[in-house]
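Undergrad: What follows is coords31.tsv, TSV, N, CA and C atoms.
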chain	number	residue	atom	x	y	z
A	1	MET	N	99.40	47.18	125.20
A	1	MET	CA	100.53	46.32	124.92
A	1	MET	C	100.17	45.34	123.83
A	2	ALA	N	101.14	45.00	123.02
A	2	ALA	CA	100.89	44.08	121.92
A	2	ALA	C	100.70	42.68	122.46
A	3	ALA	N	99.80	41.94	121.86
A	3	ALA	CA	99.53	40.57	122.30
A	3	ALA	C	100.74	39.71	122.02
A	4	GLY	N	101.20	39.02	123.03
A	4	GLY	CA	102.32	38.09	122.86
A	4	GLY	C	103.65	38.81	122.76
A	5	GLY	N	103.65	40.12	122.82
A	5	GLY	CA	104.89	40.85	122.66
A	5	GLY	C	105.68	40.94	123.93
A	6	GLY	N	105.02	40.90	125.03
A	6	GLY	CA	105.71	41.01	126.30
A	6	GLY	C	106.09	42.45	126.60
A	7	CYS	N	106.60	42.66	127.78
A	7	CYS	CA	106.96	44.01	128.24
A	7	CYS	C	108.17	44.54	127.49
A	8	GLY	N	109.11	43.70	127.15
A	8	GLY	CA	110.32	44.15	126.47
A	8	GLY	C	110.03	44.80	125.15
A	9	GLU	N	109.13	44.24	124.39
A	9	GLU	CA	108.79	44.81	123.08
A	9	GLU	C	108.12	46.16	123.26
A	10	SER	N	107.29	46.31	124.25
A	10	SER	CA	106.61	47.56	124.51
A	10	SER	C	107.61	48.65	124.88
A	11	VAL	N	108.58	48.32	125.70
A	11	VAL	CA	109.62	49.28	126.07
A	11	VAL	C	110.44	49.68	124.85
A	12	ASP	N	110.79	48.73	124.02
A	12	ASP	CA	111.54	49.03	122.80
A	12	ASP	C	110.72	49.92	121.86
A	13	GLN	N	109.43	49.64	121.78
A	13	GLN	CA	108.57	50.48	120.94
A	13	GLN	C	108.51	51.90	121.50
A	14	CYS	N	108.41	52.00	122.82
A	14	CYS	CA	108.37	53.34	123.43
A	14	CYS	C	109.68	54.07	123.20
A	15	ARG	N	110.79	53.38	123.34
A	15	ARG	CA	112.09	54.00	123.10
A	15	ARG	C	112.21	54.48	121.65
A	16	ALA	N	111.76	53.65	120.73
A	16	ALA	CA	111.80	54.01	119.31
A	16	ALA	C	110.92	55.23	119.05
A	17	GLU	N	109.75	55.25	119.67
A	17	GLU	CA	108.83	56.39	119.50
A	17	GLU	C	109.43	57.66	120.10
A	18	VAL	N	110.05	57.55	121.27
A	18	VAL	CA	110.70	58.70	121.89
A	18	VAL	C	111.83	59.20	121.00
A	19	GLU	N	112.61	58.30	120.43
A	19	GLU	CA	113.71	58.69	119.53
A	19	GLU	C	113.17	59.39	118.29
A	20	ARG	N	112.10	58.84	117.71
A	20	ARG	CA	111.49	59.45	116.53
A	20	ARG	C	110.97	60.85	116.85
A	21	LEU	N	110.27	60.97	117.96
A	21	LEU	CA	109.73	62.27	118.36
A	21	LEU	C	110.83	63.26	118.69
A	22	THR	N	111.91	62.79	119.29
A	22	THR	CA	113.06	63.65	119.59
A	22	THR	C	113.66	64.19	118.30
A	23	GLN	N	113.80	63.33	117.30
A	23	GLN	CA	114.35	63.77	116.02
A	23	GLN	C	113.41	64.76	115.32
A	24	GLU	N	112.11	64.49	115.37
A	24	GLU	CA	111.15	65.41	114.77
A	24	GLU	C	111.18	66.77	115.46
A	25	LEU	N	111.30	66.75	116.80
A	25	LEU	CA	111.36	68.00	117.54
A	25	LEU	C	112.63	68.77	117.19
A	26	ALA	N	113.74	68.07	117.07
A	26	ALA	CA	115.00	68.73	116.70
A	26	ALA	C	114.88	69.35	115.31
A	27	GLU	N	114.27	68.63	114.37
A	27	GLU	CA	114.10	69.16	113.01
A	27	GLU	C	113.16	70.36	113.03
A	28	ALA	N	112.10	70.28	113.80
A	28	ALA	CA	111.17	71.41	113.90
A	28	ALA	C	111.87	72.63	114.49
A	29	ASN	N	112.72	72.42	115.47
A	29	ASN	CA	113.48	73.53	116.05
A	29	ASN	C	114.45	74.13	115.05
A	30	ARG	N	115.11	73.28	114.26
A	30	ARG	CA	116.03	73.79	113.22
A	30	ARG	C	115.25	74.62	112.19
A	31	GLU	N	114.08	74.14	111.80
A	31	GLU	CA	113.26	74.88	110.85
A	31	GLU	C	112.80	76.21	111.43
A	32	LYS	N	112.45	76.20	112.71
A	32	LYS	CA	112.02	77.44	113.37
A	32	LYS	C	113.17	78.44	113.42
A	33	ILE	N	114.37	77.97	113.69
A	33	ILE	CA	115.54	78.86	113.72
A	33	ILE	C	115.82	79.41	112.33
A	34	ARG	N	115.72	78.56	111.29
A	34	ARG	CA	115.93	79.04	109.92
A	34	ARG	C	114.88	80.09	109.55
A	35	ALA	N	113.64	79.84	109.95
A	35	ALA	CA	112.57	80.80	109.66
A	35	ALA	C	112.83	82.12	110.37
A	36	ALA	N	113.28	82.05	111.61
A	36	ALA	CA	113.59	83.27	112.36
A	36	ALA	C	114.74	84.03	111.71
A	37	GLU	N	115.76	83.31	111.25
A	37	GLU	CA	116.89	83.96	110.58
A	37	GLU	C	116.44	84.63	109.29
A	38	CYS	N	115.57	83.94	108.55
A	38	CYS	CA	115.04	84.54	107.31
A	38	CYS	C	114.22	85.78	107.63
A	39	GLY	N	113.40	85.69	108.66
A	39	GLY	CA	112.60	86.85	109.06
A	39	GLY	C	113.47	88.02	109.46
A	40	LEU	N	114.53	87.76	110.19
A	40	LEU	CA	115.45	88.81	110.59
A	40	LEU	C	116.12	89.44	109.37
A	41	ALA	N	116.53	88.60	108.43
A	41	ALA	CA	117.16	89.11	107.21
A	41	ALA	C	116.19	89.99	106.43
A	42	ILE	N	114.93	89.58	106.39
A	42	ILE	CA	113.91	90.37	105.68
A	42	ILE	C	113.71	91.71	106.37
A	43	LEU	N	113.65	91.70	107.70
A	43	LEU	CA	113.50	92.95	108.44
A	43	LEU	C	114.68	93.88	108.21
A	44	GLU	N	115.88	93.32	108.19
A	44	GLU	CA	117.07	94.15	107.95
A	44	GLU	C	117.05	94.73	106.54
A	45	GLU	N	116.69	93.91	105.57
A	45	GLU	CA	116.61	94.39	104.17
A	45	GLU	C	115.53	95.46	104.04
A	46	ASN	N	114.41	95.26	104.74
A	46	ASN	CA	113.34	96.24	104.72
A	46	ASN	C	113.83	97.58	105.26
A	47	GLN	N	114.62	97.55	106.32
A	47	GLN	CA	115.16	98.78	106.89
A	47	GLN	C	116.11	99.47	105.90
A	48	VAL	N	116.94	98.68	105.24
A	48	VAL	CA	117.85	99.24	104.23
A	48	VAL	C	117.05	99.89	103.10
A	49	LEU	N	116.00	99.21	102.65
A	49	LEU	CA	115.19	99.75	101.56
A	49	LEU	C	114.45	101.02	101.99
A	50	LYS	N	113.96	101.06	103.22
A	50	LYS	CA	113.30	102.27	103.70
A	50	LYS	C	114.27	103.44	103.73
A	51	GLN	N	115.50	103.19	104.17
A	51	GLN	CA	116.52	104.24	104.20
A	51	GLN	C	116.83	104.72	102.79
A	52	LYS	N	116.99	103.78	101.87
A	52	LYS	CA	117.28	104.14	100.47
A	52	LYS	C	116.12	104.94	99.88
A	53	TYR	N	114.89	104.53	100.19
A	53	TYR	CA	113.71	105.24	99.72
A	53	TYR	C	113.70	106.68	100.23
A	54	ALA	N	114.01	106.85	101.51
A	54	ALA	CA	114.06	108.20	102.08
A	54	ALA	C	115.13	109.04	101.39
A	55	GLU	N	116.28	108.44	101.12
A	55	GLU	CA	117.35	109.16	100.42
A	55	GLU	C	116.90	109.55	99.01
A	56	LEU	N	116.22	108.64	98.32
A	56	LEU	CA	115.75	108.94	96.97
A	56	LEU	C	114.69	110.03	96.98
A	57	GLU	N	113.83	110.03	97.98
A	57	GLU	CA	112.83	111.10	98.09
A	57	GLU	C	113.51	112.45	98.29
A	58	THR	N	114.55	112.47	99.12
A	58	THR	CA	115.30	113.71	99.35
A	58	THR	C	115.96	114.17	98.06
A	59	ASP	N	116.59	113.23	97.35
A	59	ASP	CA	117.23	113.57	96.07
A	59	ASP	C	116.20	114.10	95.08
A	60	GLN	N	115.03	113.47	95.04
A	60	GLN	CA	113.98	113.91	94.11
A	60	GLN	C	113.55	115.34	94.43
A	61	GLU	N	113.37	115.63	95.69
A	61	GLU	CA	112.96	116.98	96.10
A	61	GLU	C	114.04	118.00	95.74
A	62	THR	N	115.29	117.65	95.96
A	62	THR	CA	116.40	118.55	95.60
A	62	THR	C	116.41	118.81	94.10
A	63	LEU	N	116.26	117.76	93.32
A	63	LEU	CA	116.25	117.91	91.86
A	63	LEU	C	115.04	118.72	91.39
A	64	ARG	N	113.90	118.53	92.03
A	64	ARG	CA	112.71	119.29	91.66
A	64	ARG	C	112.95	120.79	91.90
A	65	LYS	N	113.56	121.12	93.03
A	65	LYS	CA	113.85	122.52	93.33
A	65	LYS	C	114.86	123.09	92.34
A	66	GLU	N	115.88	122.31	92.01
A	66	GLU	CA	116.87	122.76	91.03
A	66	GLU	C	116.22	123.01	89.68
A	67	LEU	N	115.32	122.13	89.29
A	67	LEU	CA	114.62	122.29	88.01
A	67	LEU	C	113.78	123.56	88.02
A	68	GLU	N	113.07	123.82	89.10
A	68	GLU	CA	112.28	125.05	89.19
A	68	GLU	C	113.17	126.28	89.06
A	69	GLN	N	114.32	126.26	89.74
A	69	GLN	CA	115.24	127.40	89.66
A	69	GLN	C	115.77	127.58	88.24
A	70	LEU	N	116.12	126.49	87.60
A	70	LEU	CA	116.61	126.58	86.23
A	70	LEU	C	115.53	127.09	85.28
A	71	GLN	N	114.30	126.66	85.50
A	71	GLN	CA	113.21	127.14	84.65
A	71	GLN	C	113.00	128.65	84.86
A	72	GLU	N	113.08	129.09	86.10
A	72	GLU	CA	112.94	130.53	86.37
A	72	GLU	C	114.08	131.31	85.71
A	73	GLN	N	115.30	130.81	85.83
A	73	GLN	CA	116.45	131.49	85.21
A	73	GLN	C	116.30	131.52	83.70
A	74	PHE	N	115.82	130.43	83.13
A	74	PHE	CA	115.62	130.38	81.68
A	74	PHE	C	114.60	131.43	81.25
A	75	CYS	N	113.52	131.52	82.00
A	75	CYS	CA	112.49	132.51	81.66
A	75	CYS	C	113.04	133.92	81.75
A	76	LEU	N	113.84	134.20	82.79
A	76	LEU	CA	114.42	135.53	82.92
A	76	LEU	C	115.37	135.83	81.77
A	77	LEU	N	116.18	134.86	81.40
A	77	LEU	CA	117.09	135.07	80.27
A	77	LEU	C	116.32	135.24	78.97
A	78	TRP	N	115.29	134.50	78.81
A	78	TRP	CA	114.48	134.57	77.59
A	78	TRP	C	113.86	135.96	77.45
A	79	LEU	N	113.45	136.54	78.57
A	79	LEU	CA	112.85	137.87	78.52
A	79	LEU	C	113.88	138.94	78.18
A	80	ARG	N	115.15	138.70	78.44
A	80	ARG	CA	116.20	139.67	78.16
A	80	ARG	C	116.64	139.66	76.70
A	81	ILE	N	116.36	138.60	75.99
A	81	ILE	CA	116.78	138.51	74.59
A	81	ILE	C	115.86	139.41	73.76
A	82	PRO	N	116.47	140.37	73.06
A	82	PRO	CA	115.63	141.24	72.25
A	82	PRO	C	115.02	140.48	71.07
A	83	VAL	N	113.82	140.81	70.82
A	83	VAL	CA	113.11	140.18	69.69
A	83	VAL	C	113.44	141.01	68.45
A	84	GLN	N	113.96	140.34	67.44
A	84	GLN	CA	114.29	141.03	66.22
A	84	GLN	C	113.26	140.65	65.16
A	85	ILE	N	112.59	141.68	64.69
A	85	ILE	CA	111.59	141.46	63.65
A	85	ILE	C	112.27	141.77	62.32
A	86	PRO	N	112.25	140.83	61.44
A	86	PRO	CA	112.91	141.07	60.12
A	86	PRO	C	112.25	142.23	59.38
A	87	ALA	N	113.09	143.05	58.77
A	87	ALA	CA	112.58	144.17	57.98
A	87	ALA	C	111.93	143.62	56.72
A	88	GLY	N	110.79	144.10	56.46
A	88	GLY	CA	110.06	143.51	55.36
A	88	GLY	C	109.86	144.39	54.25
Take the structure in the file and write it out as structure tokens.
TA:
Amino acid sequence: MAAGGGCGESVDQCRAEVERLTQELAEANREKIRAAECGLAILEENQVLKQKYAELETDQETLRKELEQLQEQFCLLWLRIPVQIPAG
């Protein structure tokens, strides 16, 4: 207890300290909730990106197969074209 302050001052100091700590706790809880919301948003975005990545991988594989087929068709057509040697 403060010298010469008496019991009333000590109670007021305790009340002020309790009020300050209550406000700090409320702010800490708000920050924790904001952090949790941000974390949830990040997890959701991560899931969306993973899905998009999987779709792009599928598209890439489809395009790779189409390219192989087109290359094979081109080679077959190329072999069918008669080679004309100019008369010399």
Undergrad: Any idea what the distance is between CA of Cys75 (chain A) and CA of Asp59 (chain A)?
TA: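 Separation of CA of Cys75 (chain A) and CA of Asp59 (chain A): 24.3 Å.
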Undergrad: Between CA of Ala26 (chain A) and CA of Cys14 (chain A), what distance in Å does the model show, to one decimal?
TA: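 CA of Ala26 (chain A) sits 18.1 Å away from CA of Cys14 (chain A).
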Undergrad: Just to confirm, what's the straight-line distance from atom N of Gln60 (chain A) to CA of Val48 (chain A) in Å (one decimal)?
TA: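 Atom N of Gln60 (chain A) sits 17.2 Å away from CA of Val48 (chain A).
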Undergrad: Please return region 26-37 of chain A, rebuilt to N, CA, C and O atoms, as a compact mmCIF listing (two decimals), in the frame of the given file.
TA:
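Output file selection.txt is given in full below:
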# COMPACT_ATOMS: atom_id res chain seq x y z
N ALA A 26 113.74 68.07 117.07
CA ALA A 26 115.00 68.73 116.70
C ALA A 26 114.88 69.35 115.31
O ALA A 26 115.32 70.49 115.09
N GLU A 27 114.27 68.63 114.37
CA GLU A 27 114.10 69.16 113.01
C GLU A 27 113.16 70.36 113.03
O GLU A 27 113.42 71.37 112.37
N ALA A 28 112.10 70.28 113.80
CA ALA A 28 111.17 71.41 113.90
C ALA A 28 111.87 72.63 114.49
O ALA A 28 111.67 73.76 114.04
N ASN A 29 112.72 72.42 115.47
CA ASN A 29 113.48 73.53 116.05
C ASN A 29 114.45 74.13 115.05
O ASN A 29 114.61 75.35 114.98
N ARG A 30 115.11 73.28 114.26
CA ARG A 30 116.03 73.79 113.22
C ARG A 30 115.25 74.62 112.19
O ARG A 30 115.70 75.69 111.78
N GLU A 31 114.08 74.14 111.80
CA GLU A 31 113.26 74.88 110.85
C GLU A 31 112.80 76.21 111.43
O GLU A 31 112.76 77.24 110.74
N LYS A 32 112.45 76.20 112.71
CA LYS A 32 112.02 77.44 113.37
C LYS A 32 113.17 78.44 113.42
O LYS A 32 112.98 79.64 113.17
N ILE A 33 114.37 77.97 113.69
CA ILE A 33 115.54 78.86 113.72
C ILE A 33 115.82 79.41 112.33
O ILE A 33 116.08 80.61 112.17
N ARG A 34 115.72 78.56 111.29
CA ARG A 34 115.93 79.04 109.92
C ARG A 34 114.88 80.09 109.55
O ARG A 34 115.19 81.10 108.93
N ALA A 35 113.64 79.84 109.95
CA ALA A 35 112.57 80.80 109.66
C ALA A 35 112.83 82.12 110.37
O ALA A 35 112.64 83.20 109.79
N ALA A 36 113.28 82.05 111.61
CA ALA A 36 113.59 83.27 112.36
C ALA A 36 114.74 84.03 111.71
O ALA A 36 114.71 85.26 111.61
N GLU A 37 115.76 83.31 111.25
CA GLU A 37 116.89 83.96 110.58
C GLU A 37 116.44 84.63 109.29
O GLU A 37 116.87 85.75 108.98
